[in-house]
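The file run-v2.txt contains compact mmCIF, C-alpha atoms:
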```txt
# COMPACT_ATOMS: atom_id res chain seq x y z
CA MET A 891 2.75 -159.18 -187.99
CA PHE A 892 5.24 -160.75 -190.38
CA GLU A 893 4.09 -163.49 -192.72
CA GLN A 894 7.34 -165.44 -192.80
CA LEU A 895 10.68 -165.39 -191.01
CA GLY A 896 13.54 -166.77 -193.04
CA LEU A 897 15.98 -168.05 -190.43
CA ILE A 898 19.52 -168.73 -191.60
CA GLY A 899 21.29 -170.42 -188.71
CA CYS A 900 19.00 -172.33 -186.34
CA GLY A 901 21.26 -172.33 -183.28
CA LEU A 902 20.93 -170.56 -179.95
CA MET A 903 20.65 -166.99 -181.22
CA GLY A 904 18.55 -167.64 -184.30
CA GLY A 905 16.37 -170.21 -182.60
CA SER A 906 15.70 -167.92 -179.64
CA PHE A 907 14.71 -165.10 -181.99
CA ALA A 908 12.25 -167.39 -183.80
CA LEU A 909 10.72 -168.56 -180.52
CA ALA A 910 10.43 -164.99 -179.24
CA LEU A 911 8.66 -163.85 -182.42
CA LYS A 912 6.30 -166.82 -182.26
CA ARG A 913 5.43 -166.22 -178.62
CA ALA A 914 4.77 -162.53 -179.28
CA GLY A 915 2.50 -163.40 -182.22
CA LEU A 916 4.74 -161.50 -184.62
CA VAL A 917 5.19 -164.16 -187.30
CA ARG A 918 2.91 -166.71 -188.98
CA ARG A 919 5.56 -169.11 -190.26
CA VAL A 920 9.28 -169.75 -189.77
CA VAL A 921 11.33 -171.35 -192.54
CA GLY A 922 14.80 -172.33 -191.36
CA TYR A 923 18.11 -173.38 -192.84
CA SER A 924 21.33 -174.46 -191.15
CA LYS A 925 24.53 -175.75 -192.68
CA SER A 926 23.99 -178.96 -190.73
CA PRO A 927 20.77 -180.74 -191.82
CA SER A 928 20.55 -182.40 -188.41
CA THR A 929 20.35 -178.95 -186.77
CA THR A 930 17.55 -177.88 -189.09
CA GLU A 931 15.68 -181.11 -188.42
CA ARG A 932 16.10 -180.72 -184.68
CA ALA A 933 14.85 -177.12 -184.90
CA ARG A 934 11.68 -178.37 -186.58
CA GLN A 935 11.22 -181.11 -184.00
CA LEU A 936 11.46 -178.54 -181.21
CA GLY A 937 8.99 -176.21 -182.90
CA VAL A 938 11.60 -173.52 -183.43
CA ILE A 939 10.91 -173.58 -187.17
CA ASP A 940 7.89 -174.79 -189.10
CA VAL A 941 9.54 -175.74 -192.38
CA GLU A 942 13.05 -176.98 -193.20
CA ALA A 943 14.69 -175.30 -196.18
CA PRO A 944 17.42 -177.07 -198.18
CA SER A 945 19.34 -173.83 -198.76
CA ALA A 946 19.68 -170.30 -197.44
CA LEU A 947 18.15 -168.98 -200.66
CA LEU A 948 15.01 -171.07 -200.23
CA ALA A 949 14.73 -170.06 -196.57
CA VAL A 950 14.51 -166.46 -197.77
CA SER A 951 12.04 -167.19 -200.57
CA GLY A 952 8.68 -165.71 -199.56
CA ALA A 953 10.03 -164.14 -196.36
CA ASP A 954 9.36 -160.57 -195.30
CA ILE A 955 11.85 -160.75 -192.41
CA VAL A 956 15.19 -162.57 -192.44
CA LEU A 957 17.62 -163.21 -189.60
CA VAL A 958 21.17 -164.21 -190.48
CA ALA A 959 22.51 -166.00 -187.40
CA VAL A 960 25.78 -167.43 -188.71
CA PRO A 961 29.42 -166.94 -187.62
CA VAL A 962 30.64 -163.50 -188.67
CA ALA A 963 33.20 -165.06 -191.00
CA ALA A 964 30.37 -166.65 -192.99
CA SER A 965 28.40 -163.42 -193.41
CA GLU A 966 29.53 -162.43 -196.90
CA ALA A 967 28.97 -165.88 -198.41
CA THR A 968 25.53 -165.98 -196.82
CA PHE A 969 24.55 -162.56 -198.14
CA LYS A 970 25.73 -163.51 -201.63
CA SER A 971 23.71 -166.71 -201.52
CA ILE A 972 20.42 -164.90 -200.80
CA ARG A 973 20.90 -161.68 -202.82
CA HIS A 974 18.62 -162.69 -205.70
CA MET A 975 15.66 -163.22 -203.35
CA VAL A 976 16.03 -159.93 -201.48
CA SER A 977 13.53 -157.14 -202.15
CA PRO A 978 13.38 -153.54 -200.88
CA GLN A 979 10.38 -154.52 -198.72
CA MET A 980 12.28 -157.28 -196.91
CA LEU A 981 13.92 -156.68 -193.53
CA ILE A 982 17.26 -158.45 -193.11
CA MET A 983 19.18 -158.47 -189.83
CA ASP A 984 22.10 -160.31 -188.27
CA VAL A 985 23.17 -161.01 -184.69
CA GLY A 986 26.95 -160.73 -185.07
CA SER A 987 29.21 -159.48 -182.28
CA THR A 988 31.22 -157.30 -184.68
CA LYS A 989 29.65 -154.80 -187.02
CA SER A 990 32.10 -153.01 -189.34
CA ASP A 991 33.15 -156.25 -191.00
CA VAL A 992 29.55 -157.46 -191.29
CA VAL A 993 28.48 -154.15 -192.86
CA GLU A 994 31.28 -154.48 -195.42
CA ALA A 995 30.28 -158.10 -196.04
CA ALA A 996 26.68 -157.02 -196.62
CA GLN A 997 27.74 -154.28 -199.02
CA ARG A 998 29.72 -156.77 -201.09
CA GLY A 999 27.21 -159.60 -200.78
CA LEU A 1000 23.87 -157.81 -201.11
CA ARG A 1001 25.09 -155.04 -203.43
CA GLU A 1002 22.13 -152.89 -204.56
CA GLN A 1003 19.86 -154.58 -202.00
CA VAL A 1004 21.99 -153.60 -198.99
CA GLY A 1005 19.44 -150.98 -197.94
CA SER A 1006 17.23 -153.80 -196.65
CA PHE A 1007 19.92 -154.81 -194.15
CA VAL A 1008 19.88 -153.48 -190.58
CA PRO A 1009 23.00 -154.66 -188.68
CA ALA A 1010 22.11 -155.81 -185.17
CA HIS A 1011 23.95 -157.09 -182.10
CA PRO A 1012 21.73 -158.35 -179.28
CA ILE A 1013 23.66 -158.36 -176.02
CA ALA A 1014 22.50 -161.81 -174.97
CA GLY A 1015 23.71 -165.37 -174.93
CA LYS A 1016 24.36 -168.51 -172.92
CA GLU A 1017 27.37 -170.65 -172.15
CA LEU A 1018 25.69 -173.54 -173.98
CA ALA A 1019 25.12 -173.09 -177.70
CA GLY A 1020 22.87 -174.99 -180.09
CA VAL A 1021 19.18 -175.12 -180.89
CA ASP A 1022 18.45 -177.34 -177.88
CA ASN A 1023 19.25 -174.32 -175.71
CA ALA A 1024 17.11 -171.85 -177.67
CA ASP A 1025 14.93 -169.83 -175.32
CA ALA A 1026 12.09 -167.42 -176.05
CA ASP A 1027 13.24 -165.35 -173.05
CA LEU A 1028 16.86 -165.01 -174.19
CA TYR A 1029 16.38 -161.43 -175.41
CA THR A 1030 13.89 -160.26 -172.80
CA GLY A 1031 15.23 -157.23 -170.93
CA LYS A 1032 18.45 -157.17 -172.96
CA GLN A 1033 19.97 -154.42 -175.06
CA VAL A 1034 20.24 -154.74 -178.81
CA ILE A 1035 22.62 -152.46 -180.69
CA LEU A 1036 21.56 -151.42 -184.19
CA THR A 1037 24.27 -149.94 -186.42
CA PRO A 1038 22.54 -148.56 -189.52
CA THR A 1039 24.57 -146.98 -192.32
CA LYS A 1040 23.73 -144.25 -194.83
CA GLN A 1041 22.46 -146.97 -197.16
CA THR A 1042 19.98 -148.43 -194.63
CA LEU A 1043 16.39 -147.74 -195.62
CA VAL A 1044 14.49 -145.69 -193.05
CA ALA A 1045 11.48 -148.00 -193.22
CA GLN A 1046 13.63 -151.07 -192.54
CA LEU A 1047 15.33 -149.40 -189.59
CA ARG A 1048 11.94 -148.54 -188.11
CA LYS A 1049 10.75 -152.15 -188.54
CA ALA A 1050 13.93 -153.43 -186.89
CA MET A 1051 13.47 -151.14 -183.90
CA GLU A 1052 9.84 -152.21 -183.55
CA VAL A 1053 10.48 -155.95 -183.74
CA TRP A 1054 13.30 -155.96 -181.17
CA ALA A 1055 11.27 -153.76 -178.83
CA ALA A 1056 8.29 -156.08 -179.25
CA ILE A 1057 10.29 -159.07 -177.94
CA GLY A 1058 11.43 -157.13 -174.89
CA CYS A 1059 14.70 -155.48 -175.93
CA GLN A 1060 16.02 -152.02 -175.22
CA VAL A 1061 17.12 -150.69 -178.60
CA VAL A 1062 20.27 -148.56 -178.93
CA GLN A 1063 21.74 -147.09 -182.13
CA MET A 1064 25.36 -146.24 -182.90
CA PRO A 1065 27.75 -146.26 -185.88
CA PRO A 1066 29.42 -149.62 -186.64
CA GLU A 1067 32.87 -148.25 -185.82
CA SER A 1068 31.76 -146.98 -182.42
CA HIS A 1069 30.18 -150.33 -181.67
CA ASP A 1070 33.37 -152.23 -182.45
CA ALA A 1071 35.53 -149.88 -180.36
CA ALA A 1072 33.18 -150.21 -177.38
CA PHE A 1073 32.84 -153.98 -177.51
CA ALA A 1074 36.55 -154.51 -177.97
CA ALA A 1075 36.85 -152.94 -174.51
CA VAL A 1076 33.92 -154.50 -172.66
CA SER A 1077 33.46 -157.88 -174.37
CA HIS A 1078 36.22 -159.00 -176.70
CA LEU A 1079 39.16 -158.11 -174.43
CA PRO A 1080 37.55 -159.79 -171.38
CA HIS A 1081 37.06 -162.96 -173.42
CA MET A 1082 40.66 -162.90 -174.59
CA LEU A 1083 41.88 -162.39 -171.02
CA ALA A 1084 39.74 -165.28 -169.76
CA PHE A 1085 41.12 -167.55 -172.50
CA ALA A 1086 44.68 -166.45 -171.70
CA LEU A 1087 44.29 -166.95 -167.95
CA MET A 1088 42.94 -170.47 -168.34
CA ASN A 1089 45.82 -171.32 -170.66
CA SER A 1090 48.32 -169.75 -168.26
CA VAL A 1091 47.17 -171.83 -165.31
CA ARG A 1092 46.61 -175.01 -167.34
CA SER A 1093 50.09 -174.91 -168.87
CA GLN A 1094 51.89 -174.91 -165.51
CA SER A 1095 53.29 -178.15 -164.14
CA ARG A 1096 50.97 -177.92 -161.12
CA GLY A 1097 48.11 -176.32 -163.05
CA THR A 1098 45.65 -179.13 -162.39
CA GLU A 1099 46.34 -178.88 -158.67
CA TYR A 1100 45.87 -175.10 -158.73
CA LEU A 1101 42.59 -175.40 -160.61
CA GLY A 1102 41.37 -177.84 -157.96
CA LEU A 1103 41.81 -175.11 -155.35
CA ALA A 1104 40.07 -172.35 -157.32
CA GLY A 1105 36.97 -170.77 -155.83
CA PRO A 1106 34.02 -168.59 -156.89
CA GLY A 1107 36.18 -165.62 -157.90
CA PHE A 1108 38.14 -167.70 -160.40
CA ARG A 1109 34.93 -169.37 -161.58
CA ASP A 1110 33.23 -166.03 -162.24
CA PHE A 1111 36.26 -164.47 -163.93
CA THR A 1112 36.82 -167.40 -166.27
CA ARG A 1113 33.19 -168.33 -167.03
CA ILE A 1114 33.41 -166.88 -170.54
CA ALA A 1115 36.51 -168.93 -171.31
CA ALA A 1116 34.10 -171.82 -171.95
CA SER A 1117 32.71 -169.97 -174.99
CA GLU A 1118 32.57 -171.69 -178.39
CA PRO A 1119 36.12 -171.59 -179.87
CA LYS A 1120 35.32 -171.11 -183.57
CA VAL A 1121 32.84 -168.33 -182.87
CA TRP A 1122 35.33 -166.43 -180.74
CA ARG A 1123 38.22 -167.08 -183.12
CA ASP A 1124 36.21 -165.25 -185.78
CA ILE A 1125 35.18 -162.41 -183.46
CA LEU A 1126 38.71 -161.71 -182.22
CA LEU A 1127 40.11 -161.71 -185.74
CA ALA A 1128 37.28 -159.61 -187.16
CA ASN A 1129 37.80 -156.88 -184.55
CA ARG A 1130 41.56 -157.29 -184.17
CA THR A 1131 42.48 -153.63 -184.80
CA GLU A 1132 40.28 -152.31 -181.99
CA LEU A 1133 41.08 -155.30 -179.80
CA LEU A 1134 44.84 -154.83 -180.10
CA THR A 1135 44.39 -151.19 -179.06
CA GLN A 1136 42.47 -152.31 -175.97
CA SER A 1137 45.04 -155.01 -175.26
CA GLN A 1138 47.82 -152.40 -175.18
CA LEU A 1139 45.80 -150.20 -172.82
CA PHE A 1140 45.35 -153.21 -170.55
CA ARG A 1141 49.09 -153.94 -170.67
CA ASP A 1142 49.75 -150.36 -169.56
CA GLN A 1143 47.53 -150.84 -166.52
CA LEU A 1144 49.03 -154.24 -165.75
CA GLN A 1145 52.51 -152.72 -165.88
CA ALA A 1146 51.39 -150.02 -163.44
CA PHE A 1147 50.38 -152.76 -160.95
CA GLU A 1148 53.66 -154.61 -161.53
CA ALA A 1149 55.68 -151.42 -161.01
CA ALA A 1150 53.93 -150.74 -157.69
CA MET A 1151 54.70 -154.27 -156.47
CA GLN A 1152 58.28 -154.25 -157.74
CA GLY A 1153 58.81 -150.92 -155.97
CA ASN A 1154 57.16 -152.24 -152.80
CA ASP A 1155 54.89 -149.20 -152.91
CA PRO A 1156 51.70 -149.99 -150.93
CA GLN A 1157 50.15 -146.56 -151.50
CA ALA A 1158 50.50 -146.74 -155.27
CA LEU A 1159 49.05 -150.25 -155.25
CA GLU A 1160 46.14 -149.20 -153.05
CA ASP A 1161 45.44 -146.20 -155.27
CA LEU A 1162 45.23 -148.42 -158.35
CA ILE A 1163 42.90 -150.86 -156.61
CA THR A 1164 40.76 -148.01 -155.25
CA GLN A 1165 40.35 -146.53 -158.73
CA ALA A 1166 39.15 -149.89 -160.06
CA SER A 1167 36.92 -150.61 -157.07
CA THR A 1168 35.24 -147.20 -157.23
CA ALA A 1169 34.68 -147.44 -160.98
CA ARG A 1170 33.15 -150.93 -160.65
CA THR A 1171 30.89 -149.90 -157.78
CA ASN A 1172 29.63 -146.82 -159.62
CA TRP A 1173 29.04 -148.79 -162.82
CA ARG A 1174 26.98 -151.38 -161.00
CA MET A 1175 24.82 -148.71 -159.32
CA THR A 1176 24.23 -147.02 -162.69
CA GLN A 1177 23.16 -150.28 -164.28
CA LEU A 1178 20.65 -151.00 -161.51
CA ARG A 1179 18.87 -147.67 -161.68
```
What does the file become when written as structure tokens?
Amino acid sequence: MFEQLGLIGCGLMGGSFALALKRAGLVRRVVGYSKSPSTTERARQLGVIDVEAPSALLAVSGADIVLVAVPVAASEATFKSIRHMVSPQMLIMDVGSTKSDVVEAAQRGLREQVGSFVPAHPIAGKELAGVDNADADLYTGKQVILTPTKQTLVAQLRKAMEVWAAIGCQVVQMPPESHDAAFAAVSHLPHMLAFALMNSVRSQSRGTEYLGLAGPGFRDFTRIAASEPKVWRDILLANRTELLTQSQLFRDQLQAFEAAMQGNDPQALEDLITQASTARTNWRMTQLR
């Protein structure tokens, strides 16, 4: 049981974490801060937090667990703002979709207190952001990736593993660099492709007409294009080195499809589709086991 959660960022991710901890009986009190006072007030009205804090520093004051749920670009400034309240006994985590940059931000921002920080990326979310969509079940049955460094205190890592498991997550550990390489391939590139496809269709003279004819396949492929622009701007830039590598690999595969069509080569085209179809089918079966 934690005495107090200091919640910095009372939106979907932070709010859902607070609700999950409350439901599981893991925290006595939640003190929250958001850059927008109206968000903090709404979080209190909804019972997500118990007390509104006027600053990130005061949200951390008296806390034994802290969740930083801010855009990745704001991580360093947030860590700097709370450094003087951080103790070796405190557990600090984030929920950012990139990890190497957040680790570096924590090292600069928290300095000698960085051992209290356990970088975390819960693989969960919704199309609709904001505290009004916070959900105690958001993390249930989901993976959370922890990316501890050599500076991470063993006791804090153990606490982090326990708290995520207690709210229903499957906990996985990997180095920050491995995390960013993996998620460039399976998350960040798909988002970029969805954004690009929507822009490609929309920019055509008959784009509106084409969109009116689109069916479930287009809907499913482009669902993530409705993601929050500023959040994904920061993610794509933060992981741009790995993402550009994945983008080039995708271009290579796209060119292979184009070459098969330009050469009117049905066997080559079928082989490429078969490879993708088989890989997707096997992946789905693995995930369901």
Point-to-point distance from CA of Ala1116 in chain A to CA of Gln1165 in chain A, Å rounded to tenths:
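A separation of 29.2 Å between them.
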Could you give me, as CSV, every range 1084-1170 of chain A residue with an atom at most 10 Å from range 1003-1026 of chain A, plus its closest atom pair and distance in Å to one decimal, counting all atoms listed in the file, rows ordered by chain then number?
```
residue,atom,partner,partner_atom,distance
A:Arg1113,CA,A:Glu1017,CA,8.1
A:Ile1114,CA,A:Glu1017,CA,7.3
A:Ala1115,CA,A:Glu1017,CA,9.3
A:Ala1116,CA,A:Glu1017,CA,6.8
A:Ser1117,CA,A:Glu1017,CA,6.1
A:Glu1118,CA,A:Ala1019,CA,7.6
```
* Provide the CA of Ile972 in chain A to CA of Gln997 in chain A distance in Å, to one decimal place. =>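 We find that CA of Ile972 in chain A and CA of Gln997 in chain A lie 13.0 Å from each other.
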From A:Arg1109, A:Arg919, A:Lys1032, A:His1069, residue lying nearest Leu1087 in chain A [all atoms listed in the file]: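 Checking each candidate against Leu1087 in chain A, we get A:Arg1109 as the closest.
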Here CA of Leu1000 in chain A and CA of Gly922 in chain A stand apart by 19.7 Å
Checklist line | Counting only C-alpha atoms, the option among A:Val1076, A:Met1151, A:Cys1059, A:Leu1083 closest to Asp1027 in chain A | finding: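 Ranked by minimum distance to Asp1027 in chain A, first place goes to A:Cys1059.
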>> Residues within 6 Å of range 977-981 of chain A, please, as a PyMOL selection string. Count only C-alpha atoms; anything in the same chain fewer than 6 positions from it doesn't count.
In response: chain A and resi 954-955+1006+1046
Pull the neighbourhood of (20.5, -160.0, -206.5) for me: all residues within 8 Å in file coordinates, counting all atoms listed in the file, as a list in words. Lys970, Ile972, Arg973, His974, Met975, Val976, Leu1000, Arg1001, Glu1002 and Gln1003 of chain A
Please write out, as JSON, where the centre of an axis-aligned box around all listed atoms of range 930-934 of chain A lies and how long its edges are, in Å to one decimal, after adding 5 Å on each side.
```
{"center_x": 14.6, "center_y": -179.1, "center_z": -186.9, "size_x": 15.9, "size_y": 14.0, "size_z": 14.4}
```
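Among the candidates A:Ile1057, A:Val1121, A:Leu1162, A:Val985, the residue lying nearest to Leu911 in chain A is A:Ile1057 (atoms considered: all atoms listed in the file).
Distances here use all atoms listed in the file; by that measure, the residue among A:Ala1146, A:Val962, A:Leu1103, A:Ala943 closest to Trp1122 in chain A is A:Val962.
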request  = Write out as a list of chain:residue names each polymer residue whose atoms come within 10 Å of Ala1149 in chain A, counting all atoms listed in the file; drop sequence neighbours fewer than 5 positions from it.
outcome  = A:Gln1143, A:Leu1144, A:Asn1154, A:Asp1155, A:Ala1158, A:Leu1159
- Counting all atoms listed in the file, find the residues whose atoms lie at most 7 Å from (12.0, -169.0, -183.2) (file coordinates) and write them out as a PyMOL selection string. chain A and resi 904-912+938-939
Excluding Gln894 in chain A and residues on its chain fewer than 4 positions from it, collect all residues at most 9 Å away from it, counting all atoms listed in the file, and give them as a CSV table (one decimal) with C-alpha atoms, keeping the file's coordinate frame.
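In the end it all went to result13.csv:
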```csv
chain,number,residue,atom,x,y,z
A,917,VAL,CA,5.2,-164.2,-187.3
A,918,ARG,CA,2.9,-166.7,-189.0
A,919,ARG,CA,5.6,-169.1,-190.3
A,920,VAL,CA,9.3,-169.8,-189.8
A,921,VAL,CA,11.3,-171.4,-192.5
A,950,VAL,CA,14.5,-166.5,-197.8
A,952,GLY,CA,8.7,-165.7,-199.6
A,953,ALA,CA,10.0,-164.1,-196.4
A,954,ASP,CA,9.4,-160.6,-195.3
A,955,ILE,CA,11.8,-160.8,-192.4
A,956,VAL,CA,15.2,-162.6,-192.4
```
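Distances here use all atoms listed in the file; by that measure, the residue among A:Leu897, A:Ala1055, A:Met1088, A:Ala933 closest to Leu947 in chain A is A:Leu897.
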Restricting to only C-alpha atoms, whichever of A:Ile1163, A:Ala1084, A:Ile982, A:Ala1074 is closest to Leu1134 in chain A is A:Ala1074
Near-Pro961 in chain A list (10 Å; all atoms listed in the file; drop same-chain fewer than 4 positions) as a ChimeraX atom specification:
/A:899,965,984-987,1120-1125
